[in-house]
Amino acid sequence: MNELAEALRRSLDGEVAFDSYTRHLFSRDASMYSIMPAGVVFPRHADDVVATVTVAREHEVPVLARGGGTSLAGQTVGPGVVLDFSRHMNRILSIDAEAGTAHVQPGVVQDDLNRAALPHGLMFGPDTSTSNRATIGGMIGNNSAGSGSVRYGMTIDHVRSLDVVLSDASTASFGPGIASKFDEELSALVAANQSAIAGGFPKFWRRAGGYRLDRLADGPFDLAKFVVGSEGTLVVATSAVVGLVGKPKHTVIAVGHFASIEAAIAATDDALACSPSAVELIDRTILDLSRQKLEYRRLASFLEGDPEALLFVTFTGDTQAEAVALMDKLNALWSKHSHGYHTLRAETPAQQGALLKVRKAGLGLLMASSEGSRRPQAFVEDTAVDPARLIEYSTRFKEILTRHGMKAGFYGHASVGCLHVRPFVDLTNPDEVAAMRAVAEEVRDLVVEFGGANSSEHGDGLARSEFNRTLFGDALYEAMRQVKRIFDPDGVMNPGKIVDSPSMTSNLRDPALPPAKPLQTHLTFLGDMRSAADRCMNIGLCRKSETGVMCPSYMATRNEEDSTRGRANALVKALSSPDPAAALGDSRLHEVLDLCLMCKACKSECPLGVDMAALKSETLAQKHAQTGVPMRSRFFGAIRTLNRLGSATAPVSNLPGRSRFFRKLLGLAPARPLPRFNRQNLIRWFSKRPAAQSGSAVTFLADSFTTFTEPGVGKAAISLLEKAGWQVRLESSACCGRAGISKGLLDDAKRKASVLTSRLATGSGPIVGCEPSCLYTLQDEYLSLLPGDSTVGEVASRVRQVEELLTEAIDSGKLVLAQDSWLNGKEILLHGHCHQKAEVGTAATLELLRRIPGAKVTELDAGCCGMAGSFGFEAEHYDISIQVGEDRLFPAIRAADSAVVAATGVSCRQQIKHGTSRTALHPVELIASCVTEAT
């Protein structure tokens, strides 16, 4: 392997990684399989791909092409050299709007292509639920489809031509009318197997399994389409010309509510009669799970009653009226035939947002319901039959599961008869593995009986390839084996998929992990620390790049190890070692974790709730136990003490921060301004002003920044609370420990948590604050640092957002906002703190700002600001911090030069000022500026 790695490094411009952590990260995809690769290559161009195949052939090692690594059947795990196209070969080379085509590299993400095509009124037709991280190359490999396939078909229907590297390292172009060196042999093969081809393929059109010899038999040779769905087993594509379709101008969605899955499926015929662009089914299992996740629970507020199933029917049109008319037609038909008990009409993008988010998150939400080692497994989740037979088919399917004692969630594309069914299986239990195989065989036979497809959009991979001989028959299967020999006689290209595959129960991921060794942790994890990391099922939502917060550093680097998935898998490797405590101090592991900003976005945006902030904090603590605590970590961990001393000695204390020597000593970025200490801090102000003598009690948490560097924020909040009738108690004597937690100083944080909890417990009424990262530490880390302490739970239950109390005061008339304030007619842009978004969301802040008369309030979907407490001050992280800010936040603020900027976090306000020269105010400061004196 060392010789192979060195040969690749000499031959490529792209990076080559053969270290054990990188290999482990790429040993997994979103399936239940794991195979350790020889190494990973990140090609920069087609010549790198040629060089990789050349070197791999010389060393008799196979090659495996990979995009987003979201394959569900195990297509993108294997023993050879992995080609990761997503890091560099992700460019859109051109868009020809007149021809309706795009020329792309294989690593282009589907949503990125759609954004580029949008100005031309175009889009890529196949609409996968993973569109924000699935690559076009991966979609070509799997012949992917999605919710819109009833109208737009599958990927095979949109591929125009391909540039490819063959198994002998030569290159070729495939497409209609383009001759290839394979034509003669393929022609003879088709001619010799006409009968097998005619009778061996299922008649149902929506299928992604096997090699598509039917395409060669039914028309002129087009090898571009022929290799679609071949899972990288025949060629490696280096670029593709794909067709684009017109993007609908208007979209509406009808959401039917049903008392059973069968009732929802029965309503599909009426939906199909109305020319929909999609008909999607989700069952109660998914709905219940969505209610448990902050990111997805908004759907529940739109529902009527307690449905067992929902049917999402999407209509499009050139005008809104045209789309609405189709929805009206559906409503009339459902009413006539007594389908469903309620239909929700979502006619605007705002109404549709929460609905689509839950529908696309079905897989992840289902995975989140794992019960220890028993997880929903993807081994019979991609079957499809004629929609007219779907009720009978689903009934028989359920009977199979019941007979084997398995439960499962149901969702899928009802418009094309595709069901995604994930039975719960403990792969570490041999009896359950045997039952899984029995279910797979019975479902395979059921699919054959119904004339359907065993794989309708996710491909064969390791999960289904074994059954292809039974599905297609001996003659057709042998013809497919001959296809493999024609293209790849030496077995270089991703062997073991589609033909000549191992058993579906080989290479299972969970049994390959040794039992987790005991590890004493500071934080409390569900199960243990490895179980918390191993919650990740590699669905890759953390690789999205244009919406939400997760994962800021991945959005900047597009490097797998900088994603939540990459970090979680790295921790699984370390925690599976014979000495996990020692492994948590490994320097390579900390390289992988280094760029985690601990924003907590993964806790809410990851459907499986992988809490990487907590995992990184514990890992740092374990390392400190071995190597000691770095001086800079001690410095930032003691931030309250330093801020208090700085305030007491200001303005003299502001001078050292300007010293280059001082910054270098602590490893601080020279370009980053340090906060300025304020001598007239919040504690001094509070002690000198006349206190309210009556009213309900409220405790204000005086955090280290609101108190000593930005006291104006605290003054505004306390003044508003007192005007609203609250009697404010200032809790300013103890630190919450937030800074120490972020640096892995968990013993110190536990002591601080105990002290502050005891002090807060002596008060009564709500506990509020203006710094989200500090306030929500009481509700999150404290419960983990001090498990079983009833005082902690009582304090956590009292935490409320100051915005909630102020909104209630405005609505009750206790606070009156001026109608002619300076904000009347202004646009207010809100950037919410990441911890706020992860723990409670920004709804309360938005509601407060919307009370300002005449103001237009817009929340920026700008991700993380990139500051992340001390992260943005650290010299080695400064550039990535700015890069994260430049991703979406800075451009959005610069584009709205007349808007007022509001931000709830002190770090966010610092970053906005540094990156855009704009001053961001805390929302309470804006409200305070609008309160009339008559209040």
# chains A, B, ... in the order shown; residues from 1 in each chain; ligands from 1
$ residues_around --residues "Ala716 in chain A" --least-positions-apart "6" --cutoff "9 Å" --atoms "only C-alpha atoms" --output "list in words"
Val924, Glu925, Leu926, Ile927, Ala928 and Ser929 of chain A
$ residues_around --residues "Gln836 in chain A" --least-positions-apart "3" --cutoff "10 Å" --atoms "only C-alpha atoms" --output "list in words"
Cys599, Lys600, Ala601, Glu771, Pro772, Ser773, Leu775, Tyr776, Gln801, Gly832, His833, Glu839, Val840, Gly841, Thr842, Thr845, Thr904 and Gly905 of chain A
$ closest_residue --among "A:Leu541, A:Ala892, A:Ala237, A:Val242" --to "Ile156 in chain A" --atoms "only C-alpha atoms"
A:Val242
$ residues_around --residues "Val799 in chain A" --least-positions-apart "3" --cutoff "10 Å" --atoms "only C-alpha atoms" --output "PyMOL selection string"
chain A and resi 699+701+765-769+775-776+778-779+794-796+802
$ select_by_dssp --residues "range 248-368 of chain A" --states "helix (DSSP H, G or I)" --output "PyMOL selection string"
chain A and resi 261-266+268-272+284-291+298-302+320-336+349-360+362-367
$ residues_around --residues "Leu642 in chain A" --least-positions-apart "4" --cutoff "10 Å" --atoms "only C-alpha atoms" --output "short mmCIF file (atom, residue, chain, number, x, y, z; two decimals) with N, CA and C atoms, in the first residue's frame"
data_model
loop_
_atom_site.label_atom_id
_atom_site.label_comp_id
_atom_site.auth_asym_id
_atom_site.auth_seq_id
_atom_site.Cartn_x
_atom_site.Cartn_y
_atom_site.Cartn_z
N PHE A 635 -6.67 30.53 29.02
CA PHE A 635 -6.98 31.95 28.88
C PHE A 635 -8.45 32.15 28.53
N PHE A 636 -8.91 31.46 27.49
CA PHE A 636 -10.30 31.64 27.09
C PHE A 636 -11.26 31.01 28.09
N GLY A 637 -10.85 29.93 28.76
CA GLY A 637 -11.72 29.32 29.75
C GLY A 637 -11.96 30.21 30.95
N ALA A 638 -11.04 31.12 31.20
CA ALA A 638 -11.18 32.03 32.33
C ALA A 638 -11.68 33.40 31.88
N GLY A 646 -10.48 43.17 33.40
CA GLY A 646 -10.34 44.16 32.33
C GLY A 646 -11.26 45.34 32.52
N SER A 647 -12.49 45.07 32.95
CA SER A 647 -13.44 46.16 33.20
C SER A 647 -12.98 47.02 34.37
N ALA A 648 -12.46 46.38 35.40
CA ALA A 648 -12.04 47.12 36.59
C ALA A 648 -10.85 48.04 36.30
N SER A 653 -6.58 48.58 30.47
CA SER A 653 -6.59 47.16 30.13
C SER A 653 -6.84 46.91 28.64
N PHE A 677 -12.99 46.43 26.92
CA PHE A 677 -13.59 46.39 28.25
C PHE A 677 -14.26 47.72 28.55
N SER A 704 -20.70 37.02 30.67
CA SER A 704 -19.40 37.68 30.71
C SER A 704 -19.26 38.81 29.71
N PHE A 708 -19.50 42.92 30.84
CA PHE A 708 -18.24 43.66 30.89
C PHE A 708 -17.81 44.31 29.58
#
$ closest_residue --among "A:Thr619, A:Asp222, A:Val150, A:Gly210" --to "Ser180 in chain A" --atoms "only C-alpha atoms"
A:Asp222
$ residues_around --residues "Gln911 in chain A" --least-positions-apart "4" --cutoff "9 Å" --atoms "only C-alpha atoms" --output "list of chain:residue names"
A:Cys865, A:Gly866, A:Met867, A:Gly872, A:Ser881, A:Ile882, A:Gly885, A:Val906, A:Ser907, A:Gly915, A:Thr916
$ write_last_selection --atoms "N, CA and C atoms" --output "PDB file, in the first residue's frame"
ATOM      1  N   CYS A 865     -22.064  32.563  11.533  1.00  0.00           N
ATOM      2  CA  CYS A 865     -21.286  33.763  11.205  1.00  0.00           C
ATOM      3  C   CYS A 865     -19.813  33.428  11.015  1.00  0.00           C
ATOM      4  N   GLY A 866     -19.351  32.334  11.646  1.00  0.00           N
ATOM      5  CA  GLY A 866     -17.957  31.938  11.517  1.00  0.00           C
ATOM      6  C   GLY A 866     -17.079  32.326  12.686  1.00  0.00           C
ATOM      7  N   MET A 867     -17.642  33.092  13.616  1.00  0.00           N
ATOM      8  CA  MET A 867     -16.849  33.548  14.759  1.00  0.00           C
ATOM      9  C   MET A 867     -16.743  32.468  15.835  1.00  0.00           C
ATOM     10  N   GLY A 872     -12.829  32.339  16.073  1.00  0.00           N
ATOM     11  CA  GLY A 872     -12.449  33.354  15.102  1.00  0.00           C
ATOM     12  C   GLY A 872     -11.301  34.234  15.544  1.00  0.00           C
ATOM     13  N   SER A 881     -12.594  31.270   9.496  1.00  0.00           N
ATOM     14  CA  SER A 881     -13.668  32.040  10.129  1.00  0.00           C
ATOM     15  C   SER A 881     -14.230  33.080   9.163  1.00  0.00           C
ATOM     16  N   ILE A 882     -13.332  33.794   8.499  1.00  0.00           N
ATOM     17  CA  ILE A 882     -13.766  34.794   7.519  1.00  0.00           C
ATOM     18  C   ILE A 882     -14.420  34.126   6.320  1.00  0.00           C
ATOM     19  N   GLY A 885     -17.953  33.330   7.104  1.00  0.00           N
ATOM     20  CA  GLY A 885     -18.764  34.548   7.040  1.00  0.00           C
ATOM     21  C   GLY A 885     -19.039  34.991   5.619  1.00  0.00           C
ATOM     22  N   VAL A 906     -23.137  37.877  20.771  1.00  0.00           N
ATOM     23  CA  VAL A 906     -22.032  38.826  20.801  1.00  0.00           C
ATOM     24  C   VAL A 906     -20.996  38.466  19.743  1.00  0.00           C
ATOM     25  N   SER A 907     -20.714  37.190  19.556  1.00  0.00           N
ATOM     26  CA  SER A 907     -19.752  36.780  18.533  1.00  0.00           C
ATOM     27  C   SER A 907     -20.234  37.181  17.155  1.00  0.00           C
ATOM     28  N   GLY A 915     -16.355  41.942   9.420  1.00  0.00           N
ATOM     29  CA  GLY A 915     -16.427  41.487   8.037  1.00  0.00           C
ATOM     30  C   GLY A 915     -17.139  42.422   7.092  1.00  0.00           C
ATOM     31  N   THR A 916     -17.994  43.304   7.623  1.00  0.00           N
ATOM     32  CA  THR A 916     -18.786  44.177   6.733  1.00  0.00           C
ATOM     33  C   THR A 916     -18.726  45.647   7.110  1.00  0.00           C
TER      34      THR A 916
END
$ closest_residue --among "A:Glu280, A:Glu781, A:Glu560, A:Asp127" --to "Ser86 in chain A" --atoms "only C-alpha atoms"
A:Glu560
$ select_by_dssp --residues "range 333-554 of chain A" --states "strand (DSSP E or B)" --output "list in words"
His342, Thr343, Leu344, Arg345, Ala346, Glu371, Arg374, Arg375, Pro376, Thr383, Ala384, Ala408, Gly409, Phe410, Tyr411, Gly412, His413, Cys418, Leu419, His420, Val421, Arg422, Pro423, Phe424, Val425, Asp426, Ala453, Met493 and Leu508 of chain A
$ residues_around --residues "Leu113 in chain A" --least-positions-apart "4" --cutoff "12 Å" --atoms "only C-alpha atoms" --output "PDB file with N, CA and C atoms, in the first residue's frame"
ATOM      1  N   ASN A  90     -16.024  19.485  -9.281  1.00  0.00           N
ATOM      2  CA  ASN A  90     -17.407  19.852  -8.975  1.00  0.00           C
ATOM      3  C   ASN A  90     -17.847  21.119  -9.695  1.00  0.00           C
ATOM      4  N   ARG A  91     -17.277  21.319 -10.894  1.00  0.00           N
ATOM      5  CA  ARG A  91     -17.576  22.551 -11.639  1.00  0.00           C
ATOM      6  C   ARG A  91     -18.647  22.332 -12.695  1.00  0.00           C
ATOM      7  N   ILE A  92     -19.462  23.349 -12.853  1.00  0.00           N
ATOM      8  CA  ILE A  92     -20.407  23.408 -13.971  1.00  0.00           C
ATOM      9  C   ILE A  92     -19.646  24.068 -15.117  1.00  0.00           C
ATOM     10  N   LEU A  93     -19.326  23.292 -16.133  1.00  0.00           N
ATOM     11  CA  LEU A  93     -18.456  23.782 -17.206  1.00  0.00           C
ATOM     12  C   LEU A  93     -19.170  24.744 -18.128  1.00  0.00           C
ATOM     13  N   SER A  94     -20.432  24.496 -18.403  1.00  0.00           N
ATOM     14  CA  SER A  94     -21.208  25.407 -19.244  1.00  0.00           C
ATOM     15  C   SER A  94     -22.681  25.043 -19.173  1.00  0.00           C
ATOM     16  N   ILE A  95     -23.521  26.024 -19.483  1.00  0.00           N
ATOM     17  CA  ILE A  95     -24.961  25.790 -19.632  1.00  0.00           C
ATOM     18  C   ILE A  95     -25.373  26.365 -20.976  1.00  0.00           C
ATOM     19  N   THR A 101     -29.203  22.192 -22.132  1.00  0.00           N
ATOM     20  CA  THR A 101     -28.240  21.214 -21.616  1.00  0.00           C
ATOM     21  C   THR A 101     -27.236  21.892 -20.683  1.00  0.00           C
ATOM     22  N   ALA A 102     -26.597  21.081 -19.887  1.00  0.00           N
ATOM     23  CA  ALA A 102     -25.509  21.543 -19.023  1.00  0.00           C
ATOM     24  C   ALA A 102     -24.351  20.562 -19.142  1.00  0.00           C
ATOM     25  N   HIS A 103     -23.136  21.090 -19.190  1.00  0.00           N
ATOM     26  CA  HIS A 103     -21.925  20.271 -19.215  1.00  0.00           C
ATOM     27  C   HIS A 103     -21.318  20.366 -17.825  1.00  0.00           C
ATOM     28  N   VAL A 104     -21.236  19.247 -17.113  1.00  0.00           N
ATOM     29  CA  VAL A 104     -20.837  19.278 -15.717  1.00  0.00           C
ATOM     30  C   VAL A 104     -19.784  18.219 -15.421  1.00  0.00           C
ATOM     31  N   GLN A 105     -19.022  18.472 -14.367  1.00  0.00           N
ATOM     32  CA  GLN A 105     -18.143  17.455 -13.827  1.00  0.00           C
ATOM     33  C   GLN A 105     -18.946  16.565 -12.877  1.00  0.00           C
ATOM     34  N   PRO A 106     -18.455  15.370 -12.582  1.00  0.00           N
ATOM     35  CA  PRO A 106     -19.278  14.429 -11.815  1.00  0.00           C
ATOM     36  C   PRO A 106     -19.546  14.834 -10.378  1.00  0.00           C
ATOM     37  N   GLY A 107     -18.700  15.701  -9.818  1.00  0.00           N
ATOM     38  CA  GLY A 107     -18.894  16.096  -8.424  1.00  0.00           C
ATOM     39  C   GLY A 107     -19.856  17.237  -8.212  1.00  0.00           C
ATOM     40  N   VAL A 108     -20.504  17.721  -9.267  1.00  0.00           N
ATOM     41  CA  VAL A 108     -21.473  18.815  -9.129  1.00  0.00           C
ATOM     42  C   VAL A 108     -22.682  18.337  -8.337  1.00  0.00           C
ATOM     43  N   VAL A 109     -23.061  19.092  -7.322  1.00  0.00           N
ATOM     44  CA  VAL A 109     -24.235  18.766  -6.522  1.00  0.00           C
ATOM     45  C   VAL A 109     -25.494  19.203  -7.267  1.00  0.00           C
ATOM     46  N   ALA A 117     -28.879  26.909 -13.208  1.00  0.00           N
ATOM     47  CA  ALA A 117     -29.825  26.853 -14.324  1.00  0.00           C
ATOM     48  C   ALA A 117     -31.030  27.763 -14.115  1.00  0.00           C
ATOM     49  N   LEU A 118     -31.275  28.173 -12.877  1.00  0.00           N
ATOM     50  CA  LEU A 118     -32.475  28.941 -12.559  1.00  0.00           C
ATOM     51  C   LEU A 118     -32.615  30.238 -13.357  1.00  0.00           C
ATOM     52  N   PRO A 119     -31.541  31.031 -13.537  1.00  0.00           N
ATOM     53  CA  PRO A 119     -31.708  32.260 -14.324  1.00  0.00           C
ATOM     54  C   PRO A 119     -32.185  32.007 -15.749  1.00  0.00           C
ATOM     55  N   HIS A 120     -31.989  30.803 -16.253  1.00  0.00           N
ATOM     56  CA  HIS A 120     -32.439  30.444 -17.597  1.00  0.00           C
ATOM     57  C   HIS A 120     -33.828  29.809 -17.572  1.00  0.00           C
ATOM     58  N   LEU A 122     -34.530  26.987 -16.090  1.00  0.00           N
ATOM     59  CA  LEU A 122     -34.334  25.555 -16.294  1.00  0.00           C
ATOM     60  C   LEU A 122     -33.949  24.866 -14.989  1.00  0.00           C
ATOM     61  N   MET A 123     -34.013  23.533 -15.007  1.00  0.00           N
ATOM     62  CA  MET A 123     -33.572  22.729 -13.875  1.00  0.00           C
ATOM     63  C   MET A 123     -33.276  21.318 -14.363  1.00  0.00           C
ATOM     64  N   PHE A 124     -32.600  20.557 -13.492  1.00  0.00           N
ATOM     65  CA  PHE A 124     -32.351  19.146 -13.783  1.00  0.00           C
ATOM     66  C   PHE A 124     -33.568  18.365 -13.311  1.00  0.00           C
ATOM     67  N   GLY A 125     -34.194  17.598 -14.197  1.00  0.00           N
ATOM     68  CA  GLY A 125     -35.485  16.992 -13.921  1.00  0.00           C
ATOM     69  C   GLY A 125     -35.528  16.021 -12.754  1.00  0.00           C
ATOM     70  N   PRO A 126     -34.657  15.013 -12.674  1.00  0.00           N
ATOM     71  CA  PRO A 126     -34.717  14.076 -11.550  1.00  0.00           C
ATOM     72  C   PRO A 126     -34.516  14.801 -10.220  1.00  0.00           C
ATOM     73  N   ASP A 127     -35.477  14.664  -9.331  1.00  0.00           N
ATOM     74  CA  ASP A 127     -35.491  15.430  -8.085  1.00  0.00           C
ATOM     75  C   ASP A 127     -35.337  14.484  -6.912  1.00  0.00           C
ATOM     76  N   SER A 131     -31.078  16.122  -2.811  1.00  0.00           N
ATOM     77  CA  SER A 131     -30.599  17.027  -3.869  1.00  0.00           C
ATOM     78  C   SER A 131     -29.589  18.046  -3.377  1.00  0.00           C
ATOM     79  N   ASN A 132     -29.553  18.331  -2.062  1.00  0.00           N
ATOM     80  CA  ASN A 132     -28.604  19.325  -1.568  1.00  0.00           C
ATOM     81  C   ASN A 132     -27.231  18.744  -1.282  1.00  0.00           C
ATOM     82  N   ARG A 133     -27.052  17.421  -1.527  1.00  0.00           N
ATOM     83  CA  ARG A 133     -25.697  16.861  -1.413  1.00  0.00           C
ATOM     84  C   ARG A 133     -25.419  15.757  -2.421  1.00  0.00           C
ATOM     85  N   ALA A 134     -26.424  15.256  -3.118  1.00  0.00           N
ATOM     86  CA  ALA A 134     -26.209  14.219  -4.128  1.00  0.00           C
ATOM     87  C   ALA A 134     -25.517  14.826  -5.350  1.00  0.00           C
ATOM     88  N   THR A 135     -24.507  14.133  -5.876  1.00  0.00           N
ATOM     89  CA  THR A 135     -23.787  14.635  -7.043  1.00  0.00           C
ATOM     90  C   THR A 135     -24.370  14.054  -8.325  1.00  0.00           C
ATOM     91  N   ILE A 136     -24.178  14.767  -9.418  1.00  0.00           N
ATOM     92  CA  ILE A 136     -24.665  14.287 -10.716  1.00  0.00           C
ATOM     93  C   ILE A 136     -23.976  12.973 -11.088  1.00  0.00           C
ATOM     94  N   VAL A 242     -25.859  16.841 -19.654  1.00  0.00           N
ATOM     95  CA  VAL A 242     -27.178  16.381 -19.229  1.00  0.00           C
ATOM     96  C   VAL A 242     -28.240  17.357 -19.720  1.00  0.00           C
ATOM     97  N   GLY A 243     -29.407  16.830 -19.978  1.00  0.00           N
ATOM     98  CA  GLY A 243     -30.508  17.661 -20.410  1.00  0.00           C
ATOM     99  C   GLY A 243     -31.168  18.371 -19.243  1.00  0.00           C
ATOM    100  N   LEU A 244     -31.666  19.552 -19.501  1.00  0.00           N
ATOM    101  CA  LEU A 244     -32.403  20.332 -18.513  1.00  0.00           C
ATOM    102  C   LEU A 244     -33.845  20.492 -18.976  1.00  0.00           C
TER     103      LEU A 244
END
$ closest_residue --among "A:Ala378, A:Ile893, A:Leu848, A:Ile391" --to "Leu427 in chain A" --atoms "only C-alpha atoms"
A:Ala378
$ closest_residue --among "A:Ala350, A:Val698, A:Ala267, A:Ile286" --to "Val252 in chain A" --atoms "only C-alpha atoms"
A:Ala350
$ decode --residues "range 692-716 of chain A" --atoms "N, CA and C atoms" --output "PDB file, in the first residue's frame"
ATOM      1  N   ALA A 692     -36.703  48.329  40.952  1.00  0.00           N
ATOM      2  CA  ALA A 692     -38.158  48.163  41.025  1.00  0.00           C
ATOM      3  C   ALA A 692     -38.509  47.467  42.332  1.00  0.00           C
ATOM      4  N   GLN A 693     -39.545  47.965  43.029  1.00  0.00           N
ATOM      5  CA  GLN A 693     -39.907  47.430  44.336  1.00  0.00           C
ATOM      6  C   GLN A 693     -41.054  46.437  44.293  1.00  0.00           C
ATOM      7  N   SER A 694     -41.661  46.272  43.130  1.00  0.00           N
ATOM      8  CA  SER A 694     -42.799  45.351  43.032  1.00  0.00           C
ATOM      9  C   SER A 694     -42.763  44.663  41.679  1.00  0.00           C
ATOM     10  N   GLY A 695     -43.702  43.734  41.508  1.00  0.00           N
ATOM     11  CA  GLY A 695     -43.783  43.004  40.252  1.00  0.00           C
ATOM     12  C   GLY A 695     -43.307  41.574  40.417  1.00  0.00           C
ATOM     13  N   SER A 696     -43.622  40.764  39.421  1.00  0.00           N
ATOM     14  CA  SER A 696     -43.201  39.363  39.441  1.00  0.00           C
ATOM     15  C   SER A 696     -41.693  39.284  39.264  1.00  0.00           C
ATOM     16  N   ALA A 697     -41.103  38.265  39.876  1.00  0.00           N
ATOM     17  CA  ALA A 697     -39.650  38.127  39.862  1.00  0.00           C
ATOM     18  C   ALA A 697     -39.161  37.533  38.556  1.00  0.00           C
ATOM     19  N   VAL A 698     -38.042  38.054  38.069  1.00  0.00           N
ATOM     20  CA  VAL A 698     -37.345  37.484  36.933  1.00  0.00           C
ATOM     21  C   VAL A 698     -35.845  37.602  37.202  1.00  0.00           C
ATOM     22  N   THR A 699     -35.100  36.562  36.887  1.00  0.00           N
ATOM     23  CA  THR A 699     -33.644  36.578  37.059  1.00  0.00           C
ATOM     24  C   THR A 699     -32.985  36.829  35.723  1.00  0.00           C
ATOM     25  N   PHE A 700     -32.106  37.823  35.693  1.00  0.00           N
ATOM     26  CA  PHE A 700     -31.374  38.137  34.462  1.00  0.00           C
ATOM     27  C   PHE A 700     -29.960  37.586  34.603  1.00  0.00           C
ATOM     28  N   LEU A 701     -29.586  36.686  33.694  1.00  0.00           N
ATOM     29  CA  LEU A 701     -28.262  36.074  33.710  1.00  0.00           C
ATOM     30  C   LEU A 701     -27.262  37.048  33.077  1.00  0.00           C
ATOM     31  N   ALA A 702     -26.399  37.599  33.911  1.00  0.00           N
ATOM     32  CA  ALA A 702     -25.432  38.591  33.441  1.00  0.00           C
ATOM     33  C   ALA A 702     -24.190  37.860  32.932  1.00  0.00           C
ATOM     34  N   ASP A 703     -24.177  37.540  31.665  1.00  0.00           N
ATOM     35  CA  ASP A 703     -23.062  36.781  31.091  1.00  0.00           C
ATOM     36  C   ASP A 703     -21.804  37.638  31.009  1.00  0.00           C
ATOM     37  N   SER A 704     -20.704  37.020  30.667  1.00  0.00           N
ATOM     38  CA  SER A 704     -19.399  37.678  30.709  1.00  0.00           C
ATOM     39  C   SER A 704     -19.263  38.813  29.710  1.00  0.00           C
ATOM     40  N   PHE A 705     -20.052  38.804  28.680  1.00  0.00           N
ATOM     41  CA  PHE A 705     -19.908  39.807  27.608  1.00  0.00           C
ATOM     42  C   PHE A 705     -20.942  40.919  27.770  1.00  0.00           C
ATOM     43  N   THR A 706     -22.194  40.543  28.001  1.00  0.00           N
ATOM     44  CA  THR A 706     -23.220  41.541  28.266  1.00  0.00           C
ATOM     45  C   THR A 706     -22.850  42.355  29.501  1.00  0.00           C
ATOM     46  N   THR A 707     -22.100  41.780  30.407  1.00  0.00           N
ATOM     47  CA  THR A 707     -21.745  42.454  31.652  1.00  0.00           C
ATOM     48  C   THR A 707     -20.558  43.396  31.498  1.00  0.00           C
ATOM     49  N   PHE A 708     -19.503  42.919  30.837  1.00  0.00           N
ATOM     50  CA  PHE A 708     -18.237  43.660  30.887  1.00  0.00           C
ATOM     51  C   PHE A 708     -17.810  44.306  29.577  1.00  0.00           C
ATOM     52  N   THR A 709     -18.277  43.838  28.438  1.00  0.00           N
ATOM     53  CA  THR A 709     -17.839  44.422  27.163  1.00  0.00           C
ATOM     54  C   THR A 709     -18.985  45.066  26.374  1.00  0.00           C
ATOM     55  N   GLU A 710     -20.208  44.613  26.566  1.00  0.00           N
ATOM     56  CA  GLU A 710     -21.359  45.202  25.881  1.00  0.00           C
ATOM     57  C   GLU A 710     -22.500  45.442  26.869  1.00  0.00           C
ATOM     58  N   PRO A 711     -22.254  46.233  27.907  1.00  0.00           N
ATOM     59  CA  PRO A 711     -23.297  46.423  28.931  1.00  0.00           C
ATOM     60  C   PRO A 711     -24.555  47.108  28.408  1.00  0.00           C
ATOM     61  N   GLY A 712     -24.445  47.806  27.302  1.00  0.00           N
ATOM     62  CA  GLY A 712     -25.620  48.478  26.751  1.00  0.00           C
ATOM     63  C   GLY A 712     -26.747  47.508  26.436  1.00  0.00           C
ATOM     64  N   VAL A 713     -26.385  46.292  26.028  1.00  0.00           N
ATOM     65  CA  VAL A 713     -27.392  45.277  25.722  1.00  0.00           C
ATOM     66  C   VAL A 713     -28.147  44.895  26.990  1.00  0.00           C
ATOM     67  N   GLY A 714     -27.395  44.630  28.060  1.00  0.00           N
ATOM     68  CA  GLY A 714     -28.023  44.257  29.325  1.00  0.00           C
ATOM     69  C   GLY A 714     -28.863  45.384  29.893  1.00  0.00           C
ATOM     70  N   LYS A 715     -28.366  46.618  29.795  1.00  0.00           N
ATOM     71  CA  LYS A 715     -29.134  47.764  30.296  1.00  0.00           C
ATOM     72  C   LYS A 715     -30.473  47.877  29.581  1.00  0.00           C
ATOM     73  N   ALA A 716     -30.438  47.691  28.253  1.00  0.00           N
ATOM     74  CA  ALA A 716     -31.678  47.789  27.482  1.00  0.00           C
ATOM     75  C   ALA A 716     -32.669  46.716  27.910  1.00  0.00           C
TER      76      ALA A 716
END
